[in-house]
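Structure record follows, encoded as structure tokens.
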Amino acid sequence: MPLPIDYHMHPQAHSVKPYTPELLQPWADAARKQGVKEIAFTDHDRYCEGVNFDEIDKLRAANPDVKILAGIELDNDPVSGKAGRQWVEKNWDRLDFVLGSAHYLPPDPVMFDKTDRVEEFAKKDMPSACVTYIAELEGMMDRGGVDCLAHLDLIKIHGVWHPAEGLVPHFKPLLERIKREGLAIEISTAGWRKPVGEQYPHVDLIRAAQQIGIPFTLASDAHSHAQLAEEYGRLAELLRQLGIREVASYEKHRRKMIPLDLG
């Protein structure tokens, strides 16, 4: 049976494209084709101008067999982050789901996950960069207003950091805080199409999260409807191996756990 949810997708991709039936309907069609029952539109907050809740309502009415969540990915963008947070606060009651993420390492004004930064990151002090990255996620939690953290170990994206001690010692305090805050983390297939070549987060971090009872959502981080539920067959096998038998489902920020049928 297909995995039931994909809670990270970007209909606008990387520019402002106002929500219209023409933009959104292919995503509902792709979900139906893939057997995905619940999807969440989580465009980057810098493109919140294009988000139209009325259009999401119309899409829901036209596709009653697919649960469609109104969401956003709240980033630590040094330029747009403050305005994005204000938009989330203003529209909290119309949103179902808010992802929190960090793509910037202050004071660097450029997203660290850009694909042309591999060689640069190969020369970085990566443990120090990871400390900065985690501090940015901590700041996201300090400010509140998120339901789930996206691609938890994104800092590994360029595939140049393989600490001998693994990632758990670096992320364990963050995981413990996520548990205390009652947040979820996503398991994302997006890393399989990046230089690192593995899902987010690393399997050791997934196991550490399991041990302390952090719930998971599932995600493709699709920037085209063609990527919706990408590599979900591979993801299902990973979940089966890890013994994950339920995932988190949201509506108006309220979480419930739904079972997985992994055979």
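Just remember, in the structure tokens the first chain shown is A, the second B, etc., residues are 1-based per chain, and ligands are 1-based in the order shown.
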
Task: Backbone DSSP call of alpha helix (DSSP H) for stretch 17-231 of chain A, listed as a VMD selection string - done: chain A and resid 21 to 34 53 to 62 81 to 90 118 to 122 126 to 143 168 to 181 203 to 212

Taking only C-alpha atoms into account, produce a table as CSV in which each residue of stretch 83-151 of chain A with an atom at most 10 Å from an atom of stretch 174-180 of chain A appears once, together with its shortest atom pair and the distance in Å to one decimal, ordered by chain and rising number.
residue,atom,partner,partner_atom,distance
A:Ile134,CA,A:Leu174,CA,7.3
A:Ala135,CA,A:Leu174,CA,9.1
A:Leu137,CA,A:Leu174,CA,8.4
A:Glu138,CA,A:Leu174,CA,7.4
A:Met141,CA,A:Ile178,CA,8.4
A:Cys148,CA,A:Ile178,CA,8.9
A:Leu149,CA,A:Ile178,CA,8.6

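Excluding A:Pro78 and any residue on its chain fewer than 6 positions from it, the residues at most 12 Å away by only C-alpha atoms are A:Arg46, A:Gly84, A:Arg85, A:Ala102, A:His103, A:Tyr104, A:Leu105, A:Pro106, A:Pro107, A:Asp108, A:Pro109, A:Val110, A:Met111, A:Glu136.
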
Can you build me a table of stretch 90-148 of chain A residues sitting at most 12 Å from stretch 243-249 of chain A, with the closest atom pair per residue and its distance in Å to one decimal, using only C-alpha atoms, sorted by chain and residue number, as CSV?
residue,atom,partner,partner_atom,distance
A:Asp96,CA,A:Ser249,CA,10.1
A:Phe97,CA,A:Ser249,CA,9.5
A:Asp147,CA,A:Ala248,CA,10.5
A:Cys148,CA,A:Ala248,CA,9.8

Keeping only all heavy atoms, write the selected residues to a file as a short mmCIF file (atom, residue, chain, number, x, y, z; two decimals), in the first residue's frame.
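Result file out-v2.cif:
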data_model
loop_
_atom_site.label_atom_id
_atom_site.label_comp_id
_atom_site.auth_asym_id
_atom_site.auth_seq_id
_atom_site.Cartn_x
_atom_site.Cartn_y
_atom_site.Cartn_z
N ASP A 96 -2.74 24.92 8.35
CA ASP A 96 -2.82 23.60 9.00
C ASP A 96 -1.49 23.15 9.55
O ASP A 96 -1.44 22.41 10.54
CB ASP A 96 -3.29 22.54 7.99
CG ASP A 96 -4.71 22.75 7.53
OD1 ASP A 96 -5.63 22.58 8.36
OD2 ASP A 96 -4.91 23.09 6.34
N PHE A 97 -0.41 23.61 8.91
CA PHE A 97 0.88 22.95 9.16
C PHE A 97 2.01 23.92 8.81
O PHE A 97 2.01 24.52 7.73
CB PHE A 97 0.96 21.71 8.27
CG PHE A 97 2.20 20.87 8.41
CD1 PHE A 97 2.44 20.18 9.58
CD2 PHE A 97 3.09 20.75 7.36
CE1 PHE A 97 3.58 19.38 9.71
CE2 PHE A 97 4.22 19.95 7.47
CZ PHE A 97 4.46 19.26 8.65
N ASP A 147 5.22 23.43 13.58
CA ASP A 147 4.69 22.12 13.96
C ASP A 147 5.72 21.01 13.77
O ASP A 147 5.64 19.98 14.44
CB ASP A 147 3.47 21.79 13.09
CG ASP A 147 2.35 22.80 13.24
OD1 ASP A 147 1.87 22.98 14.37
OD2 ASP A 147 1.97 23.42 12.23
N CYS A 148 6.66 21.22 12.87
CA CYS A 148 7.56 20.14 12.46
C CYS A 148 8.83 20.77 11.91
O CYS A 148 8.78 21.86 11.30
CB CYS A 148 6.86 19.32 11.37
SG CYS A 148 7.82 17.99 10.61
#

TODO: Just the residues within 12 Å of A:Leu205, please, counting only C-alpha atoms, with nothing from its chain fewer than 3 positions along; format it as a ChimeraX atom specification.
DONE: /A:151-153,166-176,185-187,199-202,208-212,214,216,242

Could the residues in this selection be written to a file with C-alpha atoms, as a PDB file, in the first residue's frame?
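Result file selection09.pdb:
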ATOM      1  CA  HIS A 151      15.240  18.030   6.653  1.00  0.00           C
ATOM      2  CA  LEU A 152      16.785  18.040  10.119  1.00  0.00           C
ATOM      3  CA  ASP A 153      20.392  17.386   9.067  1.00  0.00           C
ATOM      4  CA  GLY A 166      28.417  10.048  13.566  1.00  0.00           C
ATOM      5  CA  LEU A 167      25.790  12.776  13.670  1.00  0.00           C
ATOM      6  CA  VAL A 168      23.938  11.756  16.837  1.00  0.00           C
ATOM      7  CA  PRO A 169      26.377  13.440  19.284  1.00  0.00           C
ATOM      8  CA  HIS A 170      25.956  16.695  17.360  1.00  0.00           C
ATOM      9  CA  PHE A 171      22.153  16.529  17.196  1.00  0.00           C
ATOM     10  CA  LYS A 172      21.157  14.738  20.417  1.00  0.00           C
ATOM     11  CA  PRO A 173      20.473  17.912  22.482  1.00  0.00           C
ATOM     12  CA  LEU A 174      18.381  19.255  19.597  1.00  0.00           C
ATOM     13  CA  LEU A 175      16.399  16.014  19.412  1.00  0.00           C
ATOM     14  CA  GLU A 176      15.762  16.161  23.137  1.00  0.00           C
ATOM     15  CA  ILE A 185      10.444  15.875  12.306  1.00  0.00           C
ATOM     16  CA  GLU A 186      10.106  14.809   8.702  1.00  0.00           C
ATOM     17  CA  ILE A 187      11.727  11.874   6.983  1.00  0.00           C
ATOM     18  CA  GLN A 199      17.491  10.584   3.134  1.00  0.00           C
ATOM     19  CA  TYR A 200      17.061  13.302   5.739  1.00  0.00           C
ATOM     20  CA  PRO A 201      17.743  12.650   8.518  1.00  0.00           C
ATOM     21  CA  HIS A 202      20.481  10.037   8.718  1.00  0.00           C
ATOM     22  CA  ALA A 208      17.596   8.269  18.109  1.00  0.00           C
ATOM     23  CA  ALA A 209      14.318  10.115  17.516  1.00  0.00           C
ATOM     24  CA  GLN A 210      12.401   6.835  17.711  1.00  0.00           C
ATOM     25  CA  GLN A 211      13.991   6.016  21.044  1.00  0.00           C
ATOM     26  CA  ILE A 212      12.680   9.187  22.676  1.00  0.00           C
ATOM     27  CA  ILE A 214       9.515  11.952  18.411  1.00  0.00           C
ATOM     28  CA  PHE A 216       7.579  11.655  12.030  1.00  0.00           C
ATOM     29  CA  LEU A 242      13.222   0.671  11.079  1.00  0.00           C
TER      30      LEU A 242
END

Task: Nearby residues (only C-alpha atoms) at most 7 Å from A:Ile39, same-chain spacing under 5 positions excluded, as a PyMOL selection string - done: chain A and resi 5-7+67-69

- [ ] Identify, on the basis of only C-alpha atoms, every residue whose closest approach to stretch 224-238 of chain A does not exceed 9 Å; exclude the query and any residue fewer than 6 positions from it along the same chain; express the result as a count of residues only.
- [x] 29

For stretch 53-58 of chain A: contacts at 8 Å, only C-alpha atoms, fewer than 2 positions along chain excluded, given as a PDB file with N, CA, C and O atoms, in the first residue's frame:
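Wrote it out as out.pdb, contents follow:
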ATOM      1  N   TYR A  19      -1.386  31.300  -6.409  1.00  0.00           N
ATOM      2  CA  TYR A  19      -2.147  30.060  -6.423  1.00  0.00           C
ATOM      3  C   TYR A  19      -3.359  30.215  -7.333  1.00  0.00           C
ATOM      4  O   TYR A  19      -4.176  31.137  -7.170  1.00  0.00           O
ATOM      5  N   THR A  20      -3.485  29.299  -8.271  1.00  0.00           N
ATOM      6  CA  THR A  20      -4.609  29.236  -9.204  1.00  0.00           C
ATOM      7  C   THR A  20      -4.949  27.765  -9.393  1.00  0.00           C
ATOM      8  O   THR A  20      -4.133  26.888  -9.076  1.00  0.00           O
ATOM      9  N   PRO A  21      -6.118  27.450  -9.952  1.00  0.00           N
ATOM     10  CA  PRO A  21      -6.418  26.044 -10.246  1.00  0.00           C
ATOM     11  C   PRO A  21      -5.384  25.418 -11.178  1.00  0.00           C
ATOM     12  O   PRO A  21      -5.034  24.243 -11.029  1.00  0.00           O
ATOM     13  N   VAL A  51       0.440  32.729  -1.920  1.00  0.00           N
ATOM     14  CA  VAL A  51      -0.452  31.772  -1.248  1.00  0.00           C
ATOM     15  C   VAL A  51      -1.850  32.375  -1.139  1.00  0.00           C
ATOM     16  O   VAL A  51      -2.025  33.509  -0.685  1.00  0.00           O
ATOM     17  N   ARG A  60      -9.800  21.900  -2.527  1.00  0.00           N
ATOM     18  CA  ARG A  60     -10.347  20.869  -1.653  1.00  0.00           C
ATOM     19  C   ARG A  60     -11.730  20.440  -2.122  1.00  0.00           C
ATOM     20  O   ARG A  60     -12.042  19.239  -2.165  1.00  0.00           O
ATOM     21  N   ALA A  61     -12.551  21.399  -2.465  1.00  0.00           N
ATOM     22  CA  ALA A  61     -13.913  21.089  -2.909  1.00  0.00           C
ATOM     23  C   ALA A  61     -13.900  20.275  -4.198  1.00  0.00           C
ATOM     24  O   ALA A  61     -14.751  19.403  -4.401  1.00  0.00           O
ATOM     25  N   ALA A  62     -12.928  20.551  -5.063  1.00  0.00           N
ATOM     26  CA  ALA A  62     -12.840  19.850  -6.342  1.00  0.00           C
ATOM     27  C   ALA A  62     -12.177  18.484  -6.224  1.00  0.00           C
ATOM     28  O   ALA A  62     -12.277  17.672  -7.158  1.00  0.00           O
ATOM     29  N   ILE A  68      -6.010  18.087   1.650  1.00  0.00           N
ATOM     30  CA  ILE A  68      -5.065  19.106   1.213  1.00  0.00           C
ATOM     31  C   ILE A  68      -4.853  20.108   2.345  1.00  0.00           C
ATOM     32  O   ILE A  68      -5.788  20.791   2.762  1.00  0.00           O
ATOM     33  N   ALA A  70      -3.124  23.456   4.064  1.00  0.00           N
ATOM     34  CA  ALA A  70      -2.512  24.758   3.815  1.00  0.00           C
ATOM     35  C   ALA A  70      -1.321  24.901   4.752  1.00  0.00           C
ATOM     36  O   ALA A  70      -1.473  24.858   5.977  1.00  0.00           O
ATOM     37  N   ARG A  94      -5.662  29.939   9.611  1.00  0.00           N
ATOM     38  CA  ARG A  94      -5.986  29.394   8.291  1.00  0.00           C
ATOM     39  C   ARG A  94      -4.971  28.340   7.855  1.00  0.00           C
ATOM     40  O   ARG A  94      -5.226  27.590   6.912  1.00  0.00           O
TER      41      ARG A  94
END

Task: Residues of stretch 8-220 of chain A in strand (DSSP E or B), written as a ChimeraX atom specification - done: /A:9,38-41,44,67-74,97-100,148-149,184-188,200,216-219

TODO: Can you work out the spacing between atom CA of A:Ser101 and atom CA of A:His158 in Å, to one decimal?
DONE: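 Separation between atom CA of A:Ser101 and atom CA of A:His158: 16.9 Å.
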
TODO: Find the distance between atom CA of A:Gln86 and atom CA of A:Tyr250 and write it in Å to one decimal.
DONE: 21.7 Å

- [ ] Rounded to one decimal place, report the atom CA of A:Ile72-atom CA of A:Gly145 distance in Å.
- [x]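 Value for the atom CA of A:Ile72-atom CA of A:Gly145 distance: 11.0 Å.
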